[in-house]
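J.: Hey, dropping my_file_8.txt in here, compact mmCIF, C-alpha atoms:
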```txt
# COMPACT_ATOMS: atom_id res chain seq x y z
CA MET O 1 21.84 6.81 -17.82
CA GLN O 2 18.50 6.58 -16.05
CA THR O 3 15.96 9.27 -16.80
CA CYS O 4 13.72 10.78 -14.14
CA ALA O 5 10.85 8.63 -15.40
CA ASP O 6 13.03 5.51 -15.11
CA ARG O 7 13.85 6.30 -11.48
CA VAL O 8 10.22 6.94 -10.63
CA ARG O 9 9.17 3.65 -12.25
CA HIS O 10 11.87 1.78 -10.32
CA VAL O 11 10.58 3.02 -6.96
CA HIS O 12 6.93 2.70 -7.95
CA LYS O 13 7.43 -0.90 -9.02
CA ALA O 14 9.28 -1.82 -5.82
CA VAL O 15 6.66 -0.26 -3.55
CA LEU O 16 3.72 -1.84 -5.35
CA ALA O 17 5.43 -5.24 -5.38
CA ALA O 18 6.02 -5.03 -1.63
CA GLU O 19 2.40 -4.02 -1.07
CA ALA O 20 1.12 -6.86 -3.26
CA SER O 21 3.16 -9.40 -1.27
CA LEU O 22 1.90 -7.93 1.97
CA ARG O 23 -1.73 -8.08 0.91
CA GLU O 24 -1.31 -11.66 -0.28
CA ALA O 25 0.13 -12.66 3.08
CA HIS O 26 -2.57 -10.79 5.02
CA PRO O 27 -5.95 -11.10 3.26
CA TRP O 28 -7.66 -9.10 6.00
CA LEU O 29 -6.04 -5.97 4.56
CA ARG O 30 -8.62 -5.99 1.77
CA HIS O 31 -11.20 -4.76 4.30
CA GLN O 32 -9.88 -1.24 3.94
CA ASP O 33 -13.07 0.60 4.92
CA ALA O 34 -13.40 -1.44 8.10
CA ILE O 35 -9.76 -0.81 8.98
CA GLY O 36 -10.22 2.91 8.48
CA LEU O 37 -13.33 2.92 10.65
CA LEU O 38 -11.58 0.99 13.43
CA LEU O 39 -8.62 3.37 13.34
CA TRP O 40 -10.99 6.34 13.55
CA LEU O 41 -12.88 4.85 16.48
CA GLY O 42 -9.60 3.84 18.12
CA GLY O 43 -8.12 7.31 17.79
CA LEU O 44 -11.20 8.99 19.23
CA ALA O 45 -11.45 6.34 21.96
CA GLY O 46 -7.81 6.95 22.86
CA ILE O 47 -8.50 10.65 23.34
CA GLY O 48 -11.70 9.95 25.27
CA THR O 49 -10.09 7.36 27.53
CA ALA O 50 -7.15 9.62 28.34
CA ALA O 51 -9.53 12.48 29.09
CA TRP O 52 -11.62 10.30 31.42
CA ALA O 53 -8.51 8.99 33.17
CA TYR O 54 -7.22 12.53 33.68
CA LEU O 55 -10.52 13.88 34.99
CA TYR O 56 -11.60 10.94 37.15
CA ALA O 57 -8.71 8.52 37.70
CA GLY O 58 -5.76 10.76 38.45
CA LEU O 59 -3.82 10.30 35.21
CA PRO O 60 -0.88 12.75 35.38
CA VAL O 61 -0.87 15.77 33.10
CA TRP O 62 2.22 14.61 31.20
CA ALA O 63 0.74 11.14 30.57
CA THR O 64 -2.53 12.67 29.38
CA ILE O 65 -0.71 14.93 26.94
CA VAL O 66 1.34 12.03 25.56
CA ALA O 67 -1.65 9.68 25.25
CA VAL O 68 -3.82 12.24 23.48
CA ALA O 69 -1.00 13.35 21.18
CA LEU O 70 -0.35 9.74 20.11
CA SER O 71 -4.06 9.15 19.46
CA ALA O 72 -4.35 12.40 17.51
CA SER O 73 -1.34 11.44 15.38
CA ILE O 74 -3.31 8.41 14.17
CA LEU O 75 -6.26 10.65 13.37
CA HIS O 76 -3.97 12.98 11.43
CA GLU O 77 -2.77 10.14 9.21
CA LEU O 78 -6.33 8.91 8.77
CA GLU O 79 -7.40 12.42 7.75
CA HIS O 80 -4.68 12.40 5.11
CA ASP O 81 -5.94 9.07 3.76
CA LEU O 82 -9.50 10.42 3.65
CA ILE O 83 -8.28 13.44 1.71
CA HIS O 84 -7.08 10.95 -0.89
CA ASN O 85 -10.44 9.13 -0.81
CA LEU O 86 -9.05 5.83 0.53
CA TYR O 87 -12.06 4.91 2.69
CA PHE O 88 -15.81 4.86 1.97
CA LYS O 89 -15.38 6.22 -1.54
CA SER O 90 -19.09 5.95 -2.34
CA ARG O 91 -20.26 7.42 0.96
CA VAL O 92 -19.21 11.05 1.08
CA TRP O 93 -21.47 11.70 4.06
CA PHE O 94 -19.60 9.06 6.05
CA GLN O 95 -16.25 10.55 5.04
CA ASP O 96 -17.51 13.92 6.23
CA THR O 97 -18.60 12.38 9.53
CA MET O 98 -15.15 10.90 10.04
CA LEU O 99 -13.46 14.16 9.05
CA THR O 100 -15.63 16.06 11.53
CA GLY O 101 -14.57 13.75 14.35
CA ILE O 102 -10.94 14.15 13.34
CA TRP O 103 -11.27 17.93 13.20
CA LEU O 104 -12.64 18.03 16.74
CA GLY O 105 -9.96 15.62 17.96
CA LYS O 106 -7.13 17.62 16.41
CA VAL O 107 -8.54 21.13 17.04
CA SER O 108 -6.69 22.36 13.97
CA LEU O 109 -7.35 23.51 10.40
CA ASN O 110 -10.57 22.02 9.07
CA PRO O 111 -10.01 18.95 6.82
CA TRP O 112 -11.93 20.37 3.86
CA THR O 113 -9.62 23.35 3.57
CA ARG O 114 -6.67 21.09 4.19
CA ARG O 115 -7.82 18.88 1.29
CA VAL O 116 -7.56 21.83 -1.11
CA LEU O 117 -4.11 22.73 0.23
CA HIS O 118 -2.84 19.16 0.18
CA LEU O 119 -3.93 18.34 -3.35
CA ARG O 120 -2.30 21.60 -4.40
CA HIS O 121 0.87 20.42 -2.61
CA HIS O 122 0.97 17.31 -4.78
CA ARG O 123 0.67 19.42 -7.93
CA ILE O 124 3.44 21.89 -7.07
CA SER O 125 5.47 20.31 -4.27
CA GLY O 126 8.53 22.35 -3.37
CA GLN O 127 7.55 25.38 -5.41
CA VAL O 128 6.95 28.87 -4.07
CA GLY O 129 3.19 28.35 -4.31
CA ASP O 130 3.21 25.20 -2.14
CA VAL O 131 1.08 26.87 0.51
CA GLU O 132 0.47 23.81 2.69
CA GLU O 133 4.15 23.23 3.39
CA ARG O 134 4.94 26.94 3.51
CA LEU O 135 2.47 27.25 6.39
CA ILE O 136 4.50 24.78 8.46
CA GLY O 137 7.84 26.43 7.75
CA LEU O 138 9.07 25.06 4.41
CA GLY O 139 11.78 27.32 3.00
CA GLU O 140 11.80 29.67 5.99
CA ARG O 141 15.29 30.91 6.89
CA ASN O 142 14.47 32.23 10.35
CA LEU O 143 14.77 29.22 12.68
CA LEU O 144 12.97 30.99 15.50
CA LEU O 145 10.01 31.62 13.20
CA ARG O 146 10.07 27.99 12.06
CA PHE O 147 9.86 26.90 15.69
CA ALA O 148 6.95 29.27 16.27
CA VAL O 149 5.13 28.03 13.16
CA ALA O 150 5.54 24.46 14.39
CA TYR O 151 4.90 24.66 18.12
CA LEU O 152 3.15 28.03 18.49
CA PRO O 153 1.16 28.26 15.24
CA PHE O 154 -1.14 30.94 16.63
CA ILE O 155 1.96 33.19 16.58
CA GLY O 156 3.96 31.89 13.62
CA VAL O 157 1.34 30.97 11.02
CA PRO O 158 -0.17 34.47 10.59
CA ILE O 159 3.34 35.79 9.84
CA VAL O 160 4.16 33.25 7.13
CA LEU O 161 0.58 33.26 5.80
CA VAL O 162 0.95 36.84 4.57
CA GLN O 163 4.01 35.98 2.49
CA ALA O 164 2.51 32.70 1.26
CA ILE O 165 -0.57 34.53 -0.05
CA GLN O 166 1.62 37.09 -1.81
CA ASP O 167 3.67 34.30 -3.43
CA ALA O 168 0.58 32.36 -4.56
CA PRO O 169 -1.80 34.82 -6.23
CA ASP O 170 -3.79 31.93 -7.72
CA TRP O 171 -4.70 30.68 -4.24
CA ALA O 172 -7.52 32.51 -2.48
CA PRO O 173 -7.90 31.22 1.10
CA LEU O 174 -11.46 32.48 1.44
CA ASP O 175 -12.43 32.32 -2.24
CA GLN O 176 -13.24 36.04 -2.15
CA VAL O 177 -15.98 35.41 0.42
CA PRO O 178 -15.48 37.38 3.68
CA LEU O 179 -14.92 35.53 6.94
CA TRP O 180 -18.21 36.78 8.42
CA HIS O 181 -20.28 35.26 5.61
CA TYR O 182 -22.52 32.39 6.78
CA LYS O 183 -20.75 29.99 4.40
CA ARG O 184 -17.52 30.50 6.34
CA TRP O 185 -18.57 28.77 9.57
CA ARG O 186 -15.72 26.28 9.22
CA GLN O 187 -13.15 29.07 8.96
CA ARG O 188 -14.68 30.77 12.00
CA LEU O 189 -14.27 27.55 13.97
CA ASP O 190 -10.71 27.31 12.66
CA LEU O 191 -10.13 30.73 14.19
CA VAL O 192 -11.59 29.59 17.51
CA PHE O 193 -9.43 26.45 17.51
CA GLY O 194 -6.32 28.26 16.32
CA THR O 195 -6.49 30.88 19.06
CA ALA O 196 -7.54 28.41 21.78
CA PRO O 197 -4.10 28.38 23.45
CA ILE O 198 -4.45 32.12 24.03
CA TRP O 199 -8.00 32.47 25.30
CA LEU O 200 -7.98 29.22 27.26
CA THR O 201 -4.75 30.24 29.00
CA VAL O 202 -6.31 33.59 29.94
CA LEU O 203 -9.39 31.81 31.30
CA ALA O 204 -7.23 29.26 33.14
CA PHE O 205 -5.30 32.00 34.92
CA SER O 206 -8.63 33.64 35.71
CA GLY O 207 -9.57 30.60 37.77
CA HIS O 208 -11.71 28.61 35.33
CA ALA O 209 -10.90 24.94 35.98
CA TRP O 210 -12.62 23.76 32.79
CA ALA O 211 -10.18 25.85 30.76
CA VAL O 212 -7.27 24.05 32.42
CA ASP O 213 -8.90 20.72 31.59
CA LEU O 214 -9.34 21.64 27.92
CA LEU O 215 -5.73 22.79 27.70
CA VAL O 216 -4.50 19.47 29.10
CA ILE O 217 -6.93 17.22 27.22
CA LEU O 218 -6.92 18.80 23.76
CA VAL O 219 -4.84 21.93 23.23
CA LEU O 220 -1.43 21.04 24.66
CA PRO O 221 -1.37 17.51 23.18
CA ASN O 222 -2.17 18.86 19.74
CA MET O 223 0.41 21.62 20.04
CA LEU O 224 2.96 18.87 20.73
CA ARG O 225 1.69 16.72 17.86
CA HIS O 226 1.53 19.61 15.41
CA GLY O 227 5.01 20.77 16.32
CA CYS O 228 6.54 17.34 15.80
CA ILE O 229 4.93 16.66 12.43
CA ALA O 230 5.55 20.22 11.23
CA MET O 231 9.27 19.86 11.94
CA VAL O 232 9.75 16.47 10.27
CA SER O 233 7.44 17.30 7.37
CA SER O 234 8.98 20.66 6.55
CA TYR O 235 12.50 19.25 6.73
CA CYS O 236 11.83 16.10 4.71
CA HIS O 237 10.77 18.28 1.76
CA TYR O 238 13.02 20.30 -0.54
CA TYR O 239 12.05 23.74 -1.74
CA GLY O 240 12.87 26.57 -4.06
CA ASP O 241 15.47 25.13 -6.44
CA ILE O 242 13.85 21.91 -7.64
CA ALA O 243 12.14 21.29 -10.96
CA LEU O 244 8.36 21.28 -11.03
CA HIS O 245 6.91 17.72 -11.01
CA ASP O 246 10.30 16.02 -10.48
CA VAL O 247 9.27 13.69 -7.67
CA THR O 248 12.82 12.32 -7.30
CA VAL O 249 14.02 15.57 -5.68
CA GLN O 250 10.93 16.58 -3.72
CA ASN O 251 11.82 14.68 -0.55
CA GLN O 252 14.48 12.97 1.49
CA ILE O 253 14.32 10.09 3.98
CA LEU O 254 14.61 11.21 7.61
CA ARG O 255 15.20 8.14 9.78
CA HIS O 256 18.05 9.10 12.13
CA TRP O 257 17.66 7.84 15.69
CA SER O 258 17.87 11.38 17.07
CA LEU O 259 14.54 12.17 15.39
CA LEU O 260 12.63 9.41 17.19
CA PRO O 261 11.00 11.79 19.72
CA LEU O 262 9.56 13.79 16.81
CA GLN O 263 8.68 10.72 14.74
CA LEU O 264 6.83 9.21 17.71
CA PHE O 265 4.17 11.91 17.59
CA ALA O 266 4.16 12.09 13.79
CA PHE O 267 3.64 8.38 13.05
CA ASN O 268 7.16 8.06 11.60
CA PHE O 269 6.24 10.64 8.97
CA GLY O 270 9.75 11.84 8.16
CA ALA O 271 10.90 8.34 7.30
CA THR O 272 7.96 7.33 5.14
CA HIS O 273 6.33 10.39 3.61
CA ILE O 274 8.56 10.23 0.56
CA ILE O 275 6.91 6.90 -0.36
CA HIS O 276 3.57 8.71 -0.56
CA HIS O 277 4.94 11.02 -3.25
CA TYR O 278 5.62 7.97 -5.44
CA VAL O 279 2.52 5.92 -4.57
CA VAL O 280 -0.26 8.28 -3.56
CA GLN O 281 -3.18 5.85 -3.23
CA GLN O 282 -1.77 3.83 -0.34
CA PRO O 283 -3.01 3.78 3.28
CA PHE O 284 -0.56 5.08 5.86
CA TYR O 285 -0.30 1.75 7.71
CA ILE O 286 0.68 -0.03 4.47
CA ARG O 287 3.32 2.63 3.88
CA GLN O 288 4.88 1.86 7.25
CA TRP O 289 4.88 -1.85 6.47
CA VAL O 290 6.63 -1.56 3.10
CA ARG O 291 9.13 1.12 4.11
CA LYS O 292 12.26 -1.07 4.04
CA PRO O 293 11.96 -2.30 0.43
CA ALA O 294 10.87 1.21 -0.49
CA TRP O 295 13.97 2.68 1.15
CA GLN O 296 16.17 0.24 -0.74
CA ALA O 297 14.69 1.26 -4.08
CA LEU O 298 14.89 4.94 -3.17
CA GLU O 299 18.53 4.71 -2.18
CA GLU O 300 19.29 2.87 -5.42
CA ILE O 301 18.16 5.93 -7.38
CA GLY O 302 20.20 8.30 -5.21
CA THR O 303 17.61 9.60 -2.75
CA ARG O 304 19.22 11.44 0.14
CA VAL O 305 19.01 10.07 3.66
CA ASP O 306 19.25 12.24 6.80
CA ASP O 307 20.40 15.34 4.95
CA PHE O 308 20.52 17.63 7.97
CA GLY O 309 22.11 20.32 5.84
CA VAL O 310 18.60 21.36 4.84
CA VAL O 311 18.38 23.26 8.12
CA ALA O 312 21.18 25.65 7.12
CA ARG O 313 20.07 25.71 3.47
CA ALA O 314 16.42 26.43 4.32
CA ASN O 315 15.30 23.33 2.39
CA ARG O 316 17.23 24.07 -0.79
CA TYR O 317 18.28 20.94 -2.64
CA THR O 318 21.57 22.29 -3.96
CA ILE O 319 24.28 21.55 -1.39
CA GLN O 320 26.08 24.85 -1.98
CA ALA O 321 22.85 26.82 -1.89
CA LYS O 322 22.62 29.87 0.34
CA PRO O 323 19.11 30.42 1.71
```
Using the file provided, produce a representation of the structure as structure tokens.

T.:
Amino acid sequence: MQTCADRVRHVHKAVLAAEASLREAHPWLRHQDAIGLLLWLGGLAGIGTAAWAYLYAGLPVWATIVAVALSASILHELEHDLIHNLYFKSRVWFQDTMLTGIWLGKVSLNPWTRRVLHLRHHRISGQVGDVEERLIGLGERNLLLRFAVAYLPFIGVPIVLVQAIQDAPDWAPLDQVPLWHYKRWRQRLDLVFGTAPIWLTVLAFSGHAWAVDLLVILVLPNMLRHGCIAMVSSYCHYYGDIALHDVTVQNQILRHWSLLPLQLFAFNFGATHIIHHYVVQQPFYIRQWVRKPAWQALEEIGTRVDDFGVVARANRYTIQAKP
């Protein structure tokens, strides 16, 4: 009988072998910093081009929202790679420059706070203290609240944040430093960005055209993007009844055709994120490339595929579990 370690090694070996073959066939992949920089510039250029086309060339609102959301989804994946130090490892200032551009393009939680949350997620994935995933709905039984957390985070996140803080006493979101302290300028900007749908909507209805433009160019696209990735991410993870550090039960593969509209704005996250739990130091574009051999290895060790029962079970792994 295979042990947990055996299963992890099996997947790890398959993924690394597929990556090695890919890199051998495409030597240009060794220029990882340059690729990261081009993706960053491309994502920002995509947002800028869509904004220009909307403001000056008559691009429809719906097309602007879609174009910006797709560009921002690339920036989101790039941010995740930067959190894991995959580009410009010896140039922290350049990483911070890229993260700043991503933060402004996504108008969401600042990347430096997200780094703390995400690295914590890797340490305790699926446990009650997994704050990052809890803040996008992981384990939540109320489906209406999950929808609000995903697509209307300015309403849903404050509700789940209170419980997440209570369940994770070792996590201090402001490190005991009050929000008004000068060191908390990033958190103050987070508050401005997080409440932007509210105050920009008020200003838009008050007749301020620039507020309408900001809603179309930045806020609405990122609400769409955030909602899509929050849904596929929270439902591709298991929660509450899994052993600590057992990577084989932390995720499932979500690749059903019905999820394509969500996956489109989440860079196929639900289908490939599980690979990241096995091989952390791998760029997101490589992960997409090696997904098929990775899926084969994952299915060979019994990984679940398209387990939609997690919706009713509120992410519990046990099939008979009652949320």

J.: Nearest to Gln252 (chain O): which of O:Trp62, O:Trp40, O:Phe308, O:Trp185 is it, counting only C-alpha atoms?

T.: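 Among O:Trp62, O:Trp40, O:Phe308, O:Trp185, it is O:Phe308 that comes nearest to Gln252 (chain O).
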
J.: For a test of reading the model, state the distance in Å between CA of Arg225 (chain O) and CA of Val280 (chain O), rounded to one decimal.

T.: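 So the two atoms, CA of Arg225 (chain O) and CA of Val280 (chain O), lie 23.1 Å apart.
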
J.: Could you tell me which of O:Ala204, O:Ala57, O:Leu70, O:Thr248 comes closest to Leu264 (chain O) if we count only C-alpha atoms?

T.: O:Leu70

J.: How many Å lie between CA of Ala34 (chain O) and CA of Gln282 (chain O), rounded to one decimal?

T.: 15.3 Å

J.: From the options O:Leu39, O:Ser233, O:His31, O:Asp246, which residue's atoms come nearest to Asn268 (chain O), counting all atoms listed in the file?

T.: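 Nearest candidate to Asn268 (chain O) out of O:Leu39, O:Ser233, O:His31, O:Asp246: O:Ser233.
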
J.: May I ask which of the residues O:Thr272, O:Gln2, O:Gln250, O:Thr100 is the closest one to Gly126 (chain O), counting only C-alpha atoms?

T.: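 Distance minimum relative to Gly126 (chain O) lands on O:Gln250.
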
J.: Can you work out which one of O:Gln127, O:Ser21, O:Asn222, O:Gln320 has the shortest atom-to-atom distance to Ala72 (chain O), counting all atoms listed in the file?

T.: O:Asn222

J.: Quick one: residues within 12 Å of Gln296 (chain O), all atoms listed in the file, excluding same-chain residues fewer than 2 positions away - as a list of chain:residue names?

T.: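 Once the adjacent positions are removed, what remains is O:His10, O:Val11, O:His12, O:Ala14, O:Val15, O:Ala18, O:Ile253, O:Ile275, O:Val290, O:Arg291, O:Lys292, O:Pro293, O:Ala294, O:Leu298, O:Glu299, O:Glu300, O:Ile301, O:Gly302, O:Thr303, O:Arg304, O:Val305.
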
J.: What is the distance between CA of Glu132 (chain O) and CA of His237 (chain O), in Å to one decimal?

T.: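 A separation of 11.7 Å between them.
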
J.: Taking 5 positions as the minimum chain separation for residues in the same chain, which residues sit within 12 Å of Pro60 (chain O) when counting all atoms listed in the file? Answer as a PyMOL selection string.

T.: chain O and resi 50-55+65-67+213+216-217

J.: Smallest atom-to-atom distance to Leu82 (chain O): which of O:Asp306, O:Asp170, O:Asp130, O:Asp33, using all atoms listed in the file?

T.: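 Between O:Asp306, O:Asp170, O:Asp130, O:Asp33, the residue approaching Leu82 (chain O) most closely is O:Asp33.
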
J.: Please provide the set of residues having any atom within 9 Å of Thr201 (chain O), restricted to all atoms listed in the file, with same-chain residues fewer than 5 positions apart removed, written as a VMD selection string.

T.: chain O and resid 196 206 211 to 212 215

J.: From (-9.8, 13.8, 2.0), in the file's coordinates, out to 12 Å: which residues are reached, counting all atoms listed in the file? Answer as an mmCIF file with C-alpha atoms, in the frame of the given file.

T.:
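New file result05.cif:
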```cif
data_model
loop_
_atom_site.group_PDB
_atom_site.id
_atom_site.type_symbol
_atom_site.label_atom_id
_atom_site.label_comp_id
_atom_site.auth_asym_id
_atom_site.auth_seq_id
_atom_site.Cartn_x
_atom_site.Cartn_y
_atom_site.Cartn_z
ATOM 1 C CA HIS O 76 -3.970 12.980 11.430
ATOM 2 C CA GLU O 77 -2.770 10.140 9.210
ATOM 3 C CA LEU O 78 -6.330 8.910 8.770
ATOM 4 C CA GLU O 79 -7.400 12.420 7.750
ATOM 5 C CA HIS O 80 -4.680 12.400 5.110
ATOM 6 C CA ASP O 81 -5.940 9.070 3.760
ATOM 7 C CA LEU O 82 -9.500 10.420 3.650
ATOM 8 C CA ILE O 83 -8.280 13.440 1.710
ATOM 9 C CA HIS O 84 -7.080 10.950 -0.890
ATOM 10 C CA ASN O 85 -10.440 9.130 -0.810
ATOM 11 C CA LEU O 86 -9.050 5.830 0.530
ATOM 12 C CA TYR O 87 -12.060 4.910 2.690
ATOM 13 C CA PHE O 88 -15.810 4.860 1.970
ATOM 14 C CA LYS O 89 -15.380 6.220 -1.540
ATOM 15 C CA VAL O 92 -19.210 11.050 1.080
ATOM 16 C CA PHE O 94 -19.600 9.060 6.050
ATOM 17 C CA GLN O 95 -16.250 10.550 5.040
ATOM 18 C CA ASP O 96 -17.510 13.920 6.230
ATOM 19 C CA THR O 97 -18.600 12.380 9.530
ATOM 20 C CA MET O 98 -15.150 10.900 10.040
ATOM 21 C CA LEU O 99 -13.460 14.160 9.050
ATOM 22 C CA THR O 100 -15.630 16.060 11.530
ATOM 23 C CA ILE O 102 -10.940 14.150 13.340
ATOM 24 C CA ASN O 110 -10.570 22.020 9.070
ATOM 25 C CA PRO O 111 -10.010 18.950 6.820
ATOM 26 C CA TRP O 112 -11.930 20.370 3.860
ATOM 27 C CA THR O 113 -9.620 23.350 3.570
ATOM 28 C CA ARG O 114 -6.670 21.090 4.190
ATOM 29 C CA ARG O 115 -7.820 18.880 1.290
ATOM 30 C CA VAL O 116 -7.560 21.830 -1.110
ATOM 31 C CA LEU O 117 -4.110 22.730 0.230
ATOM 32 C CA HIS O 118 -2.840 19.160 0.180
ATOM 33 C CA LEU O 119 -3.930 18.340 -3.350
ATOM 34 C CA GLN O 281 -3.180 5.850 -3.230
#
```

J.: Need to verify the contact set: Trp171 (chain O), 12 Å, all atoms listed in the file, exclusion of same-chain residues closer than 3 positions in sequence. Can you return it as a count of residues only?

T.: 19

J.: Taking all atoms of region 121-140 of chain O that appear in the file, build a box with edges along x, y and z, extend it by 4 Å on every side, and state its centre and edge lengths in Å to one decimal, as JSON.

T.:
```
{"center_x": 6.1, "center_y": 23.5, "center_z": 0.3, "size_x": 19.3, "size_y": 20.4, "size_z": 24.4}
```

J.: Show me, as a PyMOL selection string, the residues that have an atom within 12 Å of Val192 (chain O) when counting all atoms listed in the file, minus same-chain residues fewer than 5 positions from it.

T.: chain O and resi 104+107-110+154+185-187+197-200+219

J.: With C-alpha atoms retained, could you export that selection as a short mmCIF file (atom, residue, chain, number, x, y, z; two decimals), in the frame of the given file?

T.:
```cif
data_model
loop_
_atom_site.label_atom_id
_atom_site.label_comp_id
_atom_site.auth_asym_id
_atom_site.auth_seq_id
_atom_site.Cartn_x
_atom_site.Cartn_y
_atom_site.Cartn_z
CA LEU O 104 -12.64 18.03 16.74
CA VAL O 107 -8.54 21.13 17.04
CA SER O 108 -6.69 22.36 13.97
CA LEU O 109 -7.35 23.51 10.40
CA ASN O 110 -10.57 22.02 9.07
CA PHE O 154 -1.14 30.94 16.63
CA TRP O 185 -18.57 28.77 9.57
CA ARG O 186 -15.72 26.28 9.22
CA GLN O 187 -13.15 29.07 8.96
CA PRO O 197 -4.10 28.38 23.45
CA ILE O 198 -4.45 32.12 24.03
CA TRP O 199 -8.00 32.47 25.30
CA LEU O 200 -7.98 29.22 27.26
CA VAL O 219 -4.84 21.93 23.23
#
```

J.: Kindly add N, CA and C atoms to the incomplete region 51-63 of chain O and provide the output as a PDB file, in the frame of the given file.

T.:
```pdb
ATOM      1  N   ALA O  51      -8.818  11.375  28.438  1.00  0.00           N
ATOM      2  CA  ALA O  51      -9.530  12.480  29.090  1.00  0.00           C
ATOM      3  C   ALA O  51     -10.243  11.996  30.349  1.00  0.00           C
ATOM      4  N   TRP O  52     -10.925  10.854  30.250  1.00  0.00           N
ATOM      5  CA  TRP O  52     -11.620  10.300  31.420  1.00  0.00           C
ATOM      6  C   TRP O  52     -10.624   9.984  32.536  1.00  0.00           C
ATOM      7  N   ALA O  53      -9.504   9.361  32.164  1.00  0.00           N
ATOM      8  CA  ALA O  53      -8.510   8.990  33.170  1.00  0.00           C
ATOM      9  C   ALA O  53      -7.909  10.221  33.849  1.00  0.00           C
ATOM     10  N   TYR O  54      -7.748  11.283  33.104  1.00  0.00           N
ATOM     11  CA  TYR O  54      -7.220  12.530  33.680  1.00  0.00           C
ATOM     12  C   TYR O  54      -8.235  13.165  34.631  1.00  0.00           C
ATOM     13  N   LEU O  55      -9.488  13.193  34.203  1.00  0.00           N
ATOM     14  CA  LEU O  55     -10.520  13.880  34.990  1.00  0.00           C
ATOM     15  C   LEU O  55     -10.959  13.090  36.215  1.00  0.00           C
ATOM     16  N   TYR O  56     -10.977  11.741  36.094  1.00  0.00           N
ATOM     17  CA  TYR O  56     -11.600  10.940  37.150  1.00  0.00           C
ATOM     18  C   TYR O  56     -10.696   9.879  37.780  1.00  0.00           C
ATOM     19  N   ALA O  57      -9.548   9.603  37.173  1.00  0.00           N
ATOM     20  CA  ALA O  57      -8.710   8.520  37.700  1.00  0.00           C
ATOM     21  C   ALA O  57      -7.291   8.961  38.028  1.00  0.00           C
ATOM     22  N   GLY O  58      -7.054  10.250  38.009  1.00  0.00           N
ATOM     23  CA  GLY O  58      -5.760  10.760  38.450  1.00  0.00           C
ATOM     24  C   GLY O  58      -4.617  10.576  37.474  1.00  0.00           C
ATOM     25  N   LEU O  59      -4.902  10.410  36.189  1.00  0.00           N
ATOM     26  CA  LEU O  59      -3.820  10.300  35.210  1.00  0.00           C
ATOM     27  C   LEU O  59      -3.024  11.602  35.210  1.00  0.00           C
ATOM     28  N   PRO O  60      -1.697  11.527  35.341  1.00  0.00           N
ATOM     29  CA  PRO O  60      -0.880  12.750  35.380  1.00  0.00           C
ATOM     30  C   PRO O  60      -1.023  13.581  34.110  1.00  0.00           C
ATOM     31  N   VAL O  61      -0.764  14.853  34.240  1.00  0.00           N
ATOM     32  CA  VAL O  61      -0.870  15.770  33.100  1.00  0.00           C
ATOM     33  C   VAL O  61       0.020  15.315  31.957  1.00  0.00           C
ATOM     34  N   TRP O  62       1.278  14.976  32.266  1.00  0.00           N
ATOM     35  CA  TRP O  62       2.220  14.610  31.200  1.00  0.00           C
ATOM     36  C   TRP O  62       1.745  13.360  30.456  1.00  0.00           C
ATOM     37  N   ALA O  63       1.209  12.381  31.194  1.00  0.00           N
ATOM     38  CA  ALA O  63       0.740  11.140  30.570  1.00  0.00           C
ATOM     39  C   ALA O  63      -0.498  11.407  29.713  1.00  0.00           C
TER      40      ALA O  63
END
```
